[in-house]
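Student: Sharing run_38.cif here; it has mmCIF, C-alpha atoms, pLDDT in the B column; chains and numbers go by the auth columns.
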data_entry
#
loop_
_atom_site.group_PDB
_atom_site.id
_atom_site.type_symbol
_atom_site.label_atom_id
_atom_site.label_comp_id
_atom_site.label_asym_id
_atom_site.label_seq_id
_atom_site.Cartn_x
_atom_site.Cartn_y
_atom_site.Cartn_z
_atom_site.B_iso_or_equiv
_atom_site.auth_seq_id
_atom_site.auth_asym_id
ATOM 1 C CA ASN A 1 -73.853 -86.906 -73.055 60.00 1 A
ATOM 2 C CA ALA A 2 -76.277 -89.818 -72.642 71.00 2 A
ATOM 3 C CA GLY A 3 -75.647 -90.577 -68.948 92.00 3 A
ATOM 4 C CA VAL A 4 -77.655 -93.655 -67.937 95.00 4 A
ATOM 5 C CA THR A 5 -79.914 -95.123 -70.628 95.00 5 A
ATOM 6 C CA GLN A 6 -82.690 -97.573 -69.801 96.00 6 A
ATOM 7 C CA THR A 7 -84.779 -99.495 -72.278 96.00 7 A
ATOM 8 C CA PRO A 8 -87.622 -100.094 -72.733 97.00 8 A
ATOM 9 C CA LYS A 9 -89.560 -97.236 -71.091 96.00 9 A
ATOM 10 C CA PHE A 10 -92.761 -99.255 -70.845 96.00 10 A
ATOM 11 C CA GLN A 11 -93.451 -102.992 -70.958 96.00 11 A
ATOM 12 C CA VAL A 12 -96.443 -105.252 -70.398 97.00 12 A
ATOM 13 C CA LEU A 13 -95.727 -108.923 -69.725 97.00 13 A
ATOM 14 C CA LYS A 14 -97.894 -111.938 -69.137 97.00 14 A
ATOM 15 C CA THR A 15 -97.299 -114.010 -66.024 97.00 15 A
ATOM 16 C CA GLY A 16 -94.513 -116.495 -66.654 97.00 16 A
ATOM 17 C CA GLN A 17 -92.867 -114.592 -69.496 97.00 17 A
ATOM 18 C CA SER A 18 -89.229 -113.601 -69.303 96.00 18 A
ATOM 19 C CA MET A 19 -87.561 -110.390 -70.316 96.00 19 A
ATOM 20 C CA THR A 20 -84.442 -108.296 -69.868 97.00 20 A
ATOM 21 C CA LEU A 21 -84.378 -104.652 -68.850 98.00 21 A
ATOM 22 C CA GLN A 22 -81.383 -102.942 -70.354 98.00 22 A
ATOM 23 C CA CYS A 23 -79.171 -100.373 -68.642 97.00 23 A
ATOM 24 C CA ALA A 24 -76.122 -98.701 -70.155 97.00 24 A
ATOM 25 C CA GLN A 25 -73.940 -95.845 -68.928 96.00 25 A
ATOM 26 C CA ASP A 26 -71.225 -93.923 -70.737 95.00 26 A
ATOM 27 C CA MET A 27 -69.531 -92.281 -67.744 93.00 27 A
ATOM 28 C CA ASN A 28 -67.086 -95.106 -66.990 93.00 28 A
ATOM 29 C CA HIS A 29 -68.729 -95.618 -63.602 94.00 29 A
ATOM 30 C CA GLU A 30 -67.725 -98.715 -61.668 93.00 30 A
ATOM 31 C CA TYR A 31 -70.791 -98.901 -59.430 93.00 31 A
ATOM 32 C CA MET A 32 -74.172 -99.761 -60.969 94.00 32 A
ATOM 33 C CA SER A 33 -77.422 -100.748 -59.329 95.00 33 A
ATOM 34 C CA TRP A 34 -81.049 -101.627 -59.962 96.00 34 A
ATOM 35 C CA TYR A 35 -83.984 -100.418 -57.857 96.00 35 A
ATOM 36 C CA ARG A 36 -87.690 -100.920 -57.913 96.00 36 A
ATOM 37 C CA GLN A 37 -90.099 -98.244 -56.785 95.00 37 A
ATOM 38 C CA ASP A 38 -93.547 -99.066 -55.461 93.00 38 A
ATOM 39 C CA PRO A 39 -96.058 -96.561 -54.031 85.00 39 A
ATOM 40 C CA GLY A 40 -95.249 -95.592 -50.450 80.00 40 A
ATOM 41 C CA MET A 41 -92.072 -97.688 -50.327 82.00 41 A
ATOM 42 C CA GLY A 42 -89.366 -95.453 -51.712 86.00 42 A
ATOM 43 C CA LEU A 43 -86.722 -97.221 -53.801 92.00 43 A
ATOM 44 C CA ARG A 44 -85.580 -100.716 -52.898 94.00 44 A
ATOM 45 C CA LEU A 45 -82.288 -102.147 -54.072 93.00 45 A
ATOM 46 C CA ILE A 46 -82.552 -105.296 -56.186 96.00 46 A
ATOM 47 C CA HIS A 47 -78.948 -106.016 -57.250 96.00 47 A
ATOM 48 C CA TYR A 48 -75.777 -104.035 -57.552 94.00 48 A
ATOM 49 C CA SER A 49 -72.320 -104.305 -59.053 94.00 49 A
ATOM 50 C CA VAL A 50 -69.021 -102.728 -57.979 91.00 50 A
ATOM 51 C CA GLY A 51 -67.324 -103.480 -61.280 92.00 51 A
ATOM 52 C CA ALA A 52 -67.273 -105.751 -64.315 94.00 52 A
ATOM 53 C CA GLY A 53 -67.649 -109.383 -63.280 95.00 53 A
ATOM 54 C CA ILE A 54 -68.810 -108.563 -59.724 95.00 54 A
ATOM 55 C CA THR A 55 -72.444 -108.521 -58.654 96.00 55 A
ATOM 56 C CA ASP A 56 -74.255 -108.846 -55.341 94.00 56 A
ATOM 57 C CA GLN A 57 -77.773 -109.001 -53.997 94.00 57 A
ATOM 58 C CA GLY A 58 -79.659 -106.068 -52.593 92.00 58 A
ATOM 59 C CA GLU A 59 -82.750 -105.936 -50.434 90.00 59 A
ATOM 60 C CA VAL A 60 -85.228 -107.616 -52.828 94.00 60 A
ATOM 61 C CA PRO A 61 -83.278 -109.897 -55.219 96.00 61 A
ATOM 62 C CA ASN A 62 -85.741 -112.803 -55.562 96.00 62 A
ATOM 63 C CA GLY A 63 -87.030 -113.313 -59.101 96.00 63 A
ATOM 64 C CA TYR A 64 -84.268 -111.226 -60.684 97.00 64 A
ATOM 65 C CA ASN A 65 -80.864 -112.031 -62.160 97.00 65 A
ATOM 66 C CA VAL A 66 -78.055 -109.725 -63.209 97.00 66 A
ATOM 67 C CA SER A 67 -74.656 -109.956 -64.848 96.00 67 A
ATOM 68 C CA ARG A 68 -71.915 -107.394 -65.533 97.00 68 A
ATOM 69 C CA SER A 69 -69.728 -108.438 -68.422 96.00 69 A
ATOM 70 C CA THR A 70 -68.660 -104.874 -69.278 96.00 70 A
ATOM 71 C CA THR A 71 -68.289 -101.630 -67.342 95.00 71 A
ATOM 72 C CA GLU A 72 -70.990 -99.991 -69.463 96.00 72 A
ATOM 73 C CA ASP A 73 -73.853 -102.483 -69.276 97.00 73 A
ATOM 74 C CA PHE A 74 -75.856 -103.929 -66.402 98.00 74 A
ATOM 75 C CA PRO A 75 -78.960 -105.818 -67.611 98.00 75 A
ATOM 76 C CA LEU A 76 -81.682 -107.029 -65.254 98.00 76 A
ATOM 77 C CA ARG A 77 -83.417 -110.299 -66.142 98.00 77 A
ATOM 78 C CA LEU A 78 -86.839 -111.445 -65.033 96.00 78 A
ATOM 79 C CA LEU A 79 -86.875 -115.199 -65.586 91.00 79 A
ATOM 80 C CA SER A 80 -90.583 -115.843 -64.952 96.00 80 A
ATOM 81 C CA ALA A 81 -92.563 -112.654 -64.439 96.00 81 A
ATOM 82 C CA ALA A 82 -95.124 -112.459 -61.639 97.00 82 A
ATOM 83 C CA PRO A 83 -97.767 -109.785 -60.939 97.00 83 A
ATOM 84 C CA SER A 84 -95.805 -108.852 -57.782 96.00 84 A
ATOM 85 C CA GLN A 85 -93.042 -107.590 -60.072 97.00 85 A
ATOM 86 C CA THR A 86 -95.276 -104.861 -61.455 97.00 86 A
ATOM 87 C CA SER A 87 -93.310 -101.751 -60.582 97.00 87 A
ATOM 88 C CA VAL A 88 -91.163 -98.932 -61.877 96.00 88 A
ATOM 89 C CA TYR A 89 -87.528 -99.976 -62.267 97.00 89 A
ATOM 90 C CA PHE A 90 -84.582 -97.597 -62.094 96.00 90 A
ATOM 91 C CA CYS A 91 -80.982 -98.225 -62.959 96.00 91 A
ATOM 92 C CA ALA A 92 -78.302 -95.985 -61.453 94.00 92 A
ATOM 93 C CA SER A 93 -74.551 -95.607 -61.675 94.00 93 A
ATOM 94 C CA SER A 94 -71.839 -93.769 -59.775 90.00 94 A
ATOM 95 C CA TYR A 95 -68.074 -93.545 -59.744 86.00 95 A
ATOM 96 C CA GLU A 96 -67.965 -95.498 -56.496 77.00 96 A
ATOM 97 C CA PRO A 97 -70.267 -96.440 -53.618 73.00 97 A
ATOM 98 C CA ARG A 98 -71.254 -93.641 -51.213 67.00 98 A
ATOM 99 C CA ARG A 99 -71.283 -91.042 -53.961 72.00 99 A
ATOM 100 C CA ALA A 100 -74.389 -89.559 -55.489 67.00 100 A
ATOM 101 C CA GLY A 101 -75.620 -91.622 -58.380 82.00 101 A
ATOM 102 C CA THR A 102 -77.083 -90.779 -61.765 91.00 102 A
ATOM 103 C CA PHE A 103 -80.402 -92.436 -62.434 93.00 103 A
ATOM 104 C CA GLY A 104 -81.877 -93.612 -65.684 95.00 104 A
ATOM 105 C CA SER A 105 -85.369 -92.459 -66.660 94.00 105 A
ATOM 106 C CA GLY A 106 -86.993 -95.686 -65.528 95.00 106 A
ATOM 107 C CA THR A 107 -88.948 -98.627 -66.959 96.00 107 A
ATOM 108 C CA ARG A 108 -92.603 -99.013 -66.062 96.00 108 A
ATOM 109 C CA LEU A 109 -93.342 -102.745 -66.036 97.00 109 A
ATOM 110 C CA THR A 110 -96.798 -104.268 -65.748 97.00 110 A
ATOM 111 C CA VAL A 111 -97.250 -108.020 -65.323 97.00 111 A
ATOM 112 C CA VAL A 112 -100.759 -109.294 -66.016 97.00 112 A
ATOM 113 C CA GLU B 1 -81.515 -104.227 -39.843 83.00 1 B
ATOM 114 C CA ASP B 2 -80.532 -100.975 -41.519 87.00 2 B
ATOM 115 C CA LYS B 3 -83.408 -98.576 -42.116 91.00 3 B
ATOM 116 C CA VAL B 4 -84.221 -95.016 -43.115 95.00 4 B
ATOM 117 C CA VAL B 5 -87.459 -93.312 -42.081 97.00 5 B
ATOM 118 C CA GLN B 6 -88.785 -90.059 -43.497 97.00 6 B
ATOM 119 C CA SER B 7 -91.447 -87.788 -42.103 97.00 7 B
ATOM 120 C CA PRO B 8 -93.943 -86.564 -42.872 97.00 8 B
ATOM 121 C CA LEU B 9 -94.963 -88.932 -45.664 96.00 9 B
ATOM 122 C CA SER B 10 -96.932 -86.190 -47.363 96.00 10 B
ATOM 123 C CA LEU B 11 -97.312 -82.461 -46.983 96.00 11 B
ATOM 124 C CA VAL B 12 -99.469 -79.787 -48.605 98.00 12 B
ATOM 125 C CA VAL B 13 -98.407 -76.144 -48.340 98.00 13 B
ATOM 126 C CA HIS B 14 -99.052 -72.866 -50.138 98.00 14 B
ATOM 127 C CA GLU B 15 -96.574 -70.918 -52.207 98.00 15 B
ATOM 128 C CA GLY B 16 -94.269 -68.868 -50.028 97.00 16 B
ATOM 129 C CA ASP B 17 -94.386 -71.247 -47.069 98.00 17 B
ATOM 130 C CA THR B 18 -91.249 -72.759 -45.556 98.00 18 B
ATOM 131 C CA VAL B 19 -91.119 -76.536 -45.148 98.00 19 B
ATOM 132 C CA THR B 20 -88.871 -78.878 -43.190 98.00 20 B
ATOM 133 C CA LEU B 21 -88.556 -82.509 -44.191 98.00 21 B
ATOM 134 C CA ASN B 22 -87.075 -85.045 -41.802 98.00 22 B
ATOM 135 C CA CYS B 23 -84.953 -88.130 -42.296 98.00 23 B
ATOM 136 C CA SER B 24 -83.790 -90.444 -39.526 98.00 24 B
ATOM 137 C CA TYR B 25 -81.629 -93.519 -39.938 96.00 25 B
ATOM 138 C CA GLU B 26 -80.337 -96.596 -38.206 94.00 26 B
ATOM 139 C CA VAL B 27 -77.464 -98.085 -40.180 89.00 27 B
ATOM 140 C CA THR B 28 -74.241 -99.883 -39.459 84.00 28 B
ATOM 141 C CA ASN B 29 -71.119 -97.869 -40.220 87.00 29 B
ATOM 142 C CA PHE B 30 -72.676 -94.753 -41.688 90.00 30 B
ATOM 143 C CA ARG B 31 -70.784 -93.301 -44.660 89.00 31 B
ATOM 144 C CA SER B 32 -73.008 -90.585 -46.129 91.00 32 B
ATOM 145 C CA LEU B 33 -76.584 -89.342 -46.492 94.00 33 B
ATOM 146 C CA LEU B 34 -78.104 -88.222 -49.774 94.00 34 B
ATOM 147 C CA TRP B 35 -81.170 -86.175 -50.659 96.00 35 B
ATOM 148 C CA TYR B 36 -82.904 -86.523 -54.018 95.00 36 B
ATOM 149 C CA LYS B 37 -85.848 -84.781 -55.678 96.00 37 B
ATOM 150 C CA GLN B 38 -88.126 -86.881 -57.857 95.00 38 B
ATOM 151 C CA GLU B 39 -90.629 -85.264 -60.148 92.00 39 B
ATOM 152 C CA LYS B 40 -92.206 -87.256 -62.953 82.00 40 B
ATOM 153 C CA LYS B 41 -89.290 -89.555 -63.687 84.00 41 B
ATOM 154 C CA ALA B 42 -85.850 -90.256 -62.265 90.00 42 B
ATOM 155 C CA PRO B 43 -84.594 -88.935 -58.929 92.00 43 B
ATOM 156 C CA THR B 44 -82.187 -86.031 -59.287 92.00 44 B
ATOM 157 C CA PHE B 45 -79.433 -85.402 -56.783 91.00 45 B
ATOM 158 C CA LEU B 46 -79.715 -82.516 -54.324 94.00 46 B
ATOM 159 C CA PHE B 47 -77.175 -82.934 -51.512 93.00 47 B
ATOM 160 C CA MET B 48 -74.670 -85.334 -50.054 93.00 48 B
ATOM 161 C CA LEU B 49 -73.871 -84.980 -46.346 94.00 49 B
ATOM 162 C CA THR B 50 -71.046 -86.680 -44.524 91.00 50 B
ATOM 163 C CA SER B 51 -70.181 -84.393 -41.607 86.00 51 B
ATOM 164 C CA SER B 52 -72.393 -83.230 -38.760 88.00 52 B
ATOM 165 C CA GLY B 53 -73.332 -79.596 -38.439 87.00 53 B
ATOM 166 C CA ILE B 54 -72.193 -78.420 -41.866 88.00 54 B
ATOM 167 C CA GLU B 55 -75.073 -76.951 -43.819 91.00 55 B
ATOM 168 C CA LYS B 56 -75.269 -77.561 -47.532 93.00 56 B
ATOM 169 C CA LYS B 57 -77.156 -74.900 -49.461 94.00 57 B
ATOM 170 C CA SER B 58 -78.459 -74.514 -52.981 94.00 58 B
ATOM 171 C CA GLY B 59 -80.715 -71.554 -53.611 96.00 59 B
ATOM 172 C CA ARG B 60 -83.822 -71.938 -51.443 97.00 60 B
ATOM 173 C CA LEU B 61 -82.908 -75.471 -50.387 98.00 61 B
ATOM 174 C CA SER B 62 -80.618 -76.353 -47.526 97.00 62 B
ATOM 175 C CA SER B 63 -79.807 -79.474 -45.561 97.00 63 B
ATOM 176 C CA ILE B 64 -77.874 -80.425 -42.465 96.00 64 B
ATOM 177 C CA LEU B 65 -76.820 -83.669 -40.832 96.00 65 B
ATOM 178 C CA ASP B 66 -76.855 -84.476 -37.127 95.00 66 B
ATOM 179 C CA LYS B 67 -74.864 -87.656 -36.545 90.00 67 B
ATOM 180 C CA LYS B 68 -75.534 -87.590 -32.825 93.00 68 B
ATOM 181 C CA GLU B 69 -79.292 -87.675 -33.440 93.00 69 B
ATOM 182 C CA LEU B 70 -78.896 -89.941 -36.514 95.00 70 B
ATOM 183 C CA SER B 71 -80.963 -87.572 -38.593 96.00 71 B
ATOM 184 C CA SER B 72 -81.022 -84.942 -41.284 97.00 72 B
ATOM 185 C CA ILE B 73 -83.407 -82.186 -42.309 98.00 73 B
ATOM 186 C CA LEU B 74 -84.112 -80.645 -45.683 98.00 74 B
ATOM 187 C CA ASN B 75 -85.440 -77.092 -45.611 98.00 75 B
ATOM 188 C CA ILE B 76 -87.154 -75.340 -48.476 98.00 76 B
ATOM 189 C CA THR B 77 -87.882 -71.637 -48.037 98.00 77 B
ATOM 190 C CA ALA B 78 -90.325 -69.523 -50.066 98.00 78 B
ATOM 191 C CA THR B 79 -91.773 -72.618 -51.713 98.00 79 B
ATOM 192 C CA GLN B 80 -92.921 -72.513 -55.330 97.00 80 B
ATOM 193 C CA THR B 81 -95.235 -74.825 -57.280 97.00 81 B
ATOM 194 C CA GLY B 82 -92.136 -76.187 -59.021 96.00 82 B
ATOM 195 C CA ASP B 83 -90.993 -77.599 -55.686 98.00 83 B
ATOM 196 C CA SER B 84 -93.863 -80.099 -55.803 98.00 84 B
ATOM 197 C CA ALA B 85 -92.198 -83.509 -55.915 97.00 85 B
ATOM 198 C CA ILE B 86 -91.248 -86.565 -53.908 96.00 86 B
ATOM 199 C CA TYR B 87 -88.179 -85.914 -51.762 97.00 87 B
ATOM 200 C CA LEU B 88 -86.095 -88.995 -51.086 96.00 88 B
ATOM 201 C CA CYS B 89 -83.522 -89.501 -48.379 96.00 89 B
ATOM 202 C CA ALA B 90 -80.957 -92.301 -48.735 94.00 90 B
ATOM 203 C CA VAL B 91 -78.072 -93.510 -46.607 93.00 91 B
ATOM 204 C CA TRP B 92 -74.863 -95.300 -47.546 89.00 92 B
ATOM 205 C CA PRO B 93 -73.715 -97.731 -44.874 85.00 93 B
ATOM 206 C CA ASN B 94 -70.412 -99.530 -45.291 78.00 94 B
ATOM 207 C CA THR B 95 -72.068 -102.460 -47.070 77.00 95 B
ATOM 208 C CA GLY B 96 -72.292 -100.776 -50.466 73.00 96 B
ATOM 209 C CA LYS B 97 -76.097 -101.058 -50.419 85.00 97 B
ATOM 210 C CA LEU B 98 -77.831 -97.689 -50.619 87.00 98 B
ATOM 211 C CA ILE B 99 -80.928 -97.598 -48.411 91.00 99 B
ATOM 212 C CA PHE B 100 -83.818 -95.264 -49.220 93.00 100 B
ATOM 213 C CA GLY B 101 -86.566 -93.930 -47.026 95.00 101 B
ATOM 214 C CA GLN B 102 -90.199 -94.037 -48.126 95.00 102 B
ATOM 215 C CA GLY B 103 -90.069 -90.503 -49.457 95.00 103 B
ATOM 216 C CA THR B 104 -92.017 -87.341 -48.601 97.00 104 B
ATOM 217 C CA THR B 105 -94.548 -86.170 -51.162 96.00 105 B
ATOM 218 C CA LEU B 106 -94.693 -82.372 -51.163 98.00 106 B
ATOM 219 C CA GLN B 107 -97.486 -80.507 -52.898 98.00 107 B
ATOM 220 C CA VAL B 108 -97.212 -76.729 -53.173 98.00 108 B
ATOM 221 C CA LYS B 109 -100.477 -74.999 -54.010 97.00 109 B
ATOM 222 C CA PRO B 110 -100.612 -71.610 -55.754 95.00 110 B
#
What does the file become when written as structure tokens?

Tutor:
Amino acid sequence: NAGVTQTPKFQVLKTGQSMTLQCAQDMNHEYMSWYRQDPGMGLRLIHYSVGAGITDQGEVPNGYNVSRSTTEDFPLRLLSAAPSQTSVYFCASSYEPRRAGTFGSGTRLTVV
Amino acid sequence: EDKVVQSPLSLVVHEGDTVTLNCSYEVTNFRSLLWYKQEKKAPTFLFMLTSSGIEKKSGRLSSILDKKELSSILNITATQTGDSAIYLCAVWPNTGKLIFGQGTTLQVKP
């Protein structure tokens, strides 16, 4: 029972580089979301999806893109990394909005 | 603008103490309130509250929602060092965008 799997666990990028953070869930959950966590700021929603083919912006979407071509996968793309995107990123999924979600183990990203 | 505020932001207690963590919210069309515990890695789910006045309980942890006061409390009795963590409160409004508070960092000393 894998739950929510995030890869990679750690990543260092140079300013301007691009990369994709992967998120996959095997629970057939419709709702998936990406958060970033910075010290003293809790978790902030970046993007979310209520089902395959449907995505929407969260609180801090600038600099990030998402797509949802399948129920299982919800990748987060950084097109041109900036030092302000240094953070810990969590992916989560749930059966539907307003239910408790299952979180992945996180990706610690450093942009230098 | 929807927001969730937790207090205190940090707390240091000794084993055996009882602690109360607070969460207040201002959101449009409240649906539910969630509490999570975060140790080294991912947040893990503790409680989901949707109705006022009904206490949810799990071992030494309990939580209750007050919709009139737009707030919730999380109580931990007889604290142990394993309770040391960040406790996160989050609220679902009707928008589908889960909103988190800043978190309360609890340290329990032996």

Student: Could you give me, as a VMD selection string, the residues within 10 Å of A:Gln85, counting only C-alpha atoms and dropping anything in the same chain fewer than 5 positions from it?

Tutor: chain A and resid 15 36 38 63 to 64 78 80 109 to 112

Student: When the cut-off is 7 Å and we count all atoms listed in the file, which residues of chain A are near chain B, given as a ChimeraX atom specification?

Tutor: /A:40-44,58,97-98,100,103-106

Student: Hey, can you spit out that residue selection with C-alpha atoms as a short mmCIF file (atom, residue, chain, number, x, y, z; two decimals), keeping the file's coordinate frame?

Tutor:
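result-v4.cif was written with the following content:
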data_model
loop_
_atom_site.label_atom_id
_atom_site.label_comp_id
_atom_site.auth_asym_id
_atom_site.auth_seq_id
_atom_site.Cartn_x
_atom_site.Cartn_y
_atom_site.Cartn_z
CA GLY A 40 -95.25 -95.59 -50.45
CA MET A 41 -92.07 -97.69 -50.33
CA GLY A 42 -89.37 -95.45 -51.71
CA LEU A 43 -86.72 -97.22 -53.80
CA ARG A 44 -85.58 -100.72 -52.90
CA GLY A 58 -79.66 -106.07 -52.59
CA PRO A 97 -70.27 -96.44 -53.62
CA ARG A 98 -71.25 -93.64 -51.21
CA ALA A 100 -74.39 -89.56 -55.49
CA PHE A 103 -80.40 -92.44 -62.43
CA GLY A 104 -81.88 -93.61 -65.68
CA SER A 105 -85.37 -92.46 -66.66
CA GLY A 106 -86.99 -95.69 -65.53
#

Student: Could you tell me which of A:Leu13, A:Ala92, A:Ala81, A:Ile54 comes closest to A:Ser33 if we count all atoms listed in the file?

Tutor: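 Of A:Leu13, A:Ala92, A:Ala81, A:Ile54, the one nearest A:Ser33, counting all atoms listed in the file, is A:Ala92.
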
Student: Using only C-alpha atoms, which residues sit within 10 Å of A:Gln11 once same-chain residues fewer than 3 positions away are excluded, as an mmCIF file with C-alpha atoms, in the frame of the given file?

Tutor:
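Saved the output as part_29.cif:
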data_model
loop_
_atom_site.group_PDB
_atom_site.id
_atom_site.type_symbol
_atom_site.label_atom_id
_atom_site.label_comp_id
_atom_site.auth_asym_id
_atom_site.auth_seq_id
_atom_site.Cartn_x
_atom_site.Cartn_y
_atom_site.Cartn_z
ATOM 1 C CA THR A 7 -84.779 -99.495 -72.278
ATOM 2 C CA PRO A 8 -87.622 -100.094 -72.733
ATOM 3 C CA MET A 19 -87.561 -110.390 -70.316
ATOM 4 C CA LEU A 21 -84.378 -104.652 -68.850
ATOM 5 C CA THR A 86 -95.276 -104.861 -61.455
ATOM 6 C CA THR A 107 -88.948 -98.627 -66.959
ATOM 7 C CA ARG A 108 -92.603 -99.013 -66.062
ATOM 8 C CA LEU A 109 -93.342 -102.745 -66.036
ATOM 9 C CA THR A 110 -96.798 -104.268 -65.748
ATOM 10 C CA VAL A 111 -97.250 -108.020 -65.323
#

Student: Excluding stretch 46-48 of chain A and any residue of its chain fewer than 6 positions from it, enumerate the residues within 6 Å of it, using all atoms listed in the file, and give them as a list in words.

Tutor: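 Counting only the stated atoms, we get Met32, Ser33, Trp34, Tyr35, Thr55, Asp56, Gln57, Gly58, Glu59, Val60 and Pro61 of chain A.
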
Student: Run the PyMOL selection byres ((chain B and resi 57) around 12) mentally over the shown coordinates, then write out the matched residues as a list in words, using the chain letters and numbers from the document.

Tutor: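 When the PyMOL selection byres ((chain B and resi 57) around 12) is applied, the selected residues are Leu46, Phe47, Met48, Leu49, Ile54, Glu55, Lys56, Ser58, Gly59, Arg60, Leu61, Ser62, Ser63, Ile64, Ile73, Leu74, Asn75, Ile76 and Thr77 of chain B.
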
Student: Filtering to C-alpha atoms, could you give me those residues as a PDB file, keeping the file's coordinate frame?

Tutor:
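File produced: out-v3.pdb:
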ATOM      1  CA  LEU B  46     -79.715 -82.516 -54.324  1.00 94.00           C
ATOM      2  CA  PHE B  47     -77.175 -82.934 -51.512  1.00 93.00           C
ATOM      3  CA  MET B  48     -74.670 -85.334 -50.054  1.00 93.00           C
ATOM      4  CA  LEU B  49     -73.871 -84.980 -46.346  1.00 94.00           C
ATOM      5  CA  ILE B  54     -72.193 -78.420 -41.866  1.00 88.00           C
ATOM      6  CA  GLU B  55     -75.073 -76.951 -43.819  1.00 91.00           C
ATOM      7  CA  LYS B  56     -75.269 -77.561 -47.532  1.00 93.00           C
ATOM      8  CA  SER B  58     -78.459 -74.514 -52.981  1.00 94.00           C
ATOM      9  CA  GLY B  59     -80.715 -71.554 -53.611  1.00 96.00           C
ATOM     10  CA  ARG B  60     -83.822 -71.938 -51.443  1.00 97.00           C
ATOM     11  CA  LEU B  61     -82.908 -75.471 -50.387  1.00 98.00           C
ATOM     12  CA  SER B  62     -80.618 -76.353 -47.526  1.00 97.00           C
ATOM     13  CA  SER B  63     -79.807 -79.474 -45.561  1.00 97.00           C
ATOM     14  CA  ILE B  64     -77.874 -80.425 -42.465  1.00 96.00           C
ATOM     15  CA  ILE B  73     -83.407 -82.186 -42.309  1.00 98.00           C
ATOM     16  CA  LEU B  74     -84.112 -80.645 -45.683  1.00 98.00           C
ATOM     17  CA  ASN B  75     -85.440 -77.092 -45.611  1.00 98.00           C
ATOM     18  CA  ILE B  76     -87.154 -75.340 -48.476  1.00 98.00           C
ATOM     19  CA  THR B  77     -87.882 -71.637 -48.037  1.00 98.00           C
TER      20      THR B  77
END

Student: Can you sort out stretch 55-59 of chain B so it carries all heavy atoms, written as a PDB file, keeping the file's coordinate frame?

Tutor:
ATOM      1  N   GLU B  55     -73.899 -77.128 -42.987  1.00 91.00           N
ATOM      2  CA  GLU B  55     -75.073 -76.951 -43.819  1.00 91.00           C
ATOM      3  C   GLU B  55     -74.671 -76.901 -45.292  1.00 91.00           C
ATOM      4  O   GLU B  55     -73.730 -76.218 -45.682  1.00 91.00           O
ATOM      5  CB  GLU B  55     -75.800 -75.655 -43.447  1.00 91.00           C
ATOM      6  CG  GLU B  55     -77.099 -75.446 -44.205  1.00 91.00           C
ATOM      7  CD  GLU B  55     -77.787 -74.134 -43.878  1.00 91.00           C
ATOM      8  OE1 GLU B  55     -77.113 -73.078 -43.979  1.00 91.00           O
ATOM      9  OE2 GLU B  55     -78.978 -74.156 -43.509  1.00 91.00           O
ATOM     10  N   LYS B  56     -75.422 -77.652 -46.084  1.00 93.00           N
ATOM     11  CA  LYS B  56     -75.269 -77.561 -47.532  1.00 93.00           C
ATOM     12  C   LYS B  56     -76.427 -76.714 -48.051  1.00 93.00           C
ATOM     13  O   LYS B  56     -77.558 -76.863 -47.593  1.00 93.00           O
ATOM     14  CB  LYS B  56     -75.330 -78.941 -48.185  1.00 93.00           C
ATOM     15  CG  LYS B  56     -74.148 -79.840 -47.836  1.00 93.00           C
ATOM     16  CD  LYS B  56     -72.950 -79.518 -48.669  1.00 93.00           C
ATOM     17  CE  LYS B  56     -71.790 -80.452 -48.376  1.00 93.00           C
ATOM     18  NZ  LYS B  56     -71.749 -81.625 -49.233  1.00 93.00           N
ATOM     19  N   LYS B  57     -76.137 -75.834 -49.007  1.00 94.00           N
ATOM     20  CA  LYS B  57     -77.156 -74.900 -49.461  1.00 94.00           C
ATOM     21  C   LYS B  57     -77.136 -74.792 -50.970  1.00 94.00           C
ATOM     22  O   LYS B  57     -76.076 -74.762 -51.596  1.00 94.00           O
ATOM     23  CB  LYS B  57     -76.878 -73.526 -48.830  1.00 94.00           C
ATOM     24  CG  LYS B  57     -78.065 -72.594 -48.797  1.00 94.00           C
ATOM     25  CD  LYS B  57     -77.757 -71.404 -47.898  1.00 94.00           C
ATOM     26  CE  LYS B  57     -78.812 -70.322 -48.029  1.00 94.00           C
ATOM     27  NZ  LYS B  57     -80.124 -70.757 -47.538  1.00 94.00           N
ATOM     28  N   SER B  58     -78.340 -74.731 -51.550  1.00 94.00           N
ATOM     29  CA  SER B  58     -78.459 -74.514 -52.981  1.00 94.00           C
ATOM     30  C   SER B  58     -79.728 -73.708 -53.220  1.00 94.00           C
ATOM     31  O   SER B  58     -80.832 -74.251 -53.175  1.00 94.00           O
ATOM     32  CB  SER B  58     -78.516 -75.850 -53.730  1.00 94.00           C
ATOM     33  OG  SER B  58     -78.719 -75.630 -55.110  1.00 94.00           O
ATOM     34  N   GLY B  59     -79.552 -72.417 -53.414  1.00 96.00           N
ATOM     35  CA  GLY B  59     -80.715 -71.554 -53.611  1.00 96.00           C
ATOM     36  C   GLY B  59     -81.601 -71.535 -52.383  1.00 96.00           C
ATOM     37  O   GLY B  59     -81.148 -71.237 -51.278  1.00 96.00           O
TER      38      GLY B  59
END
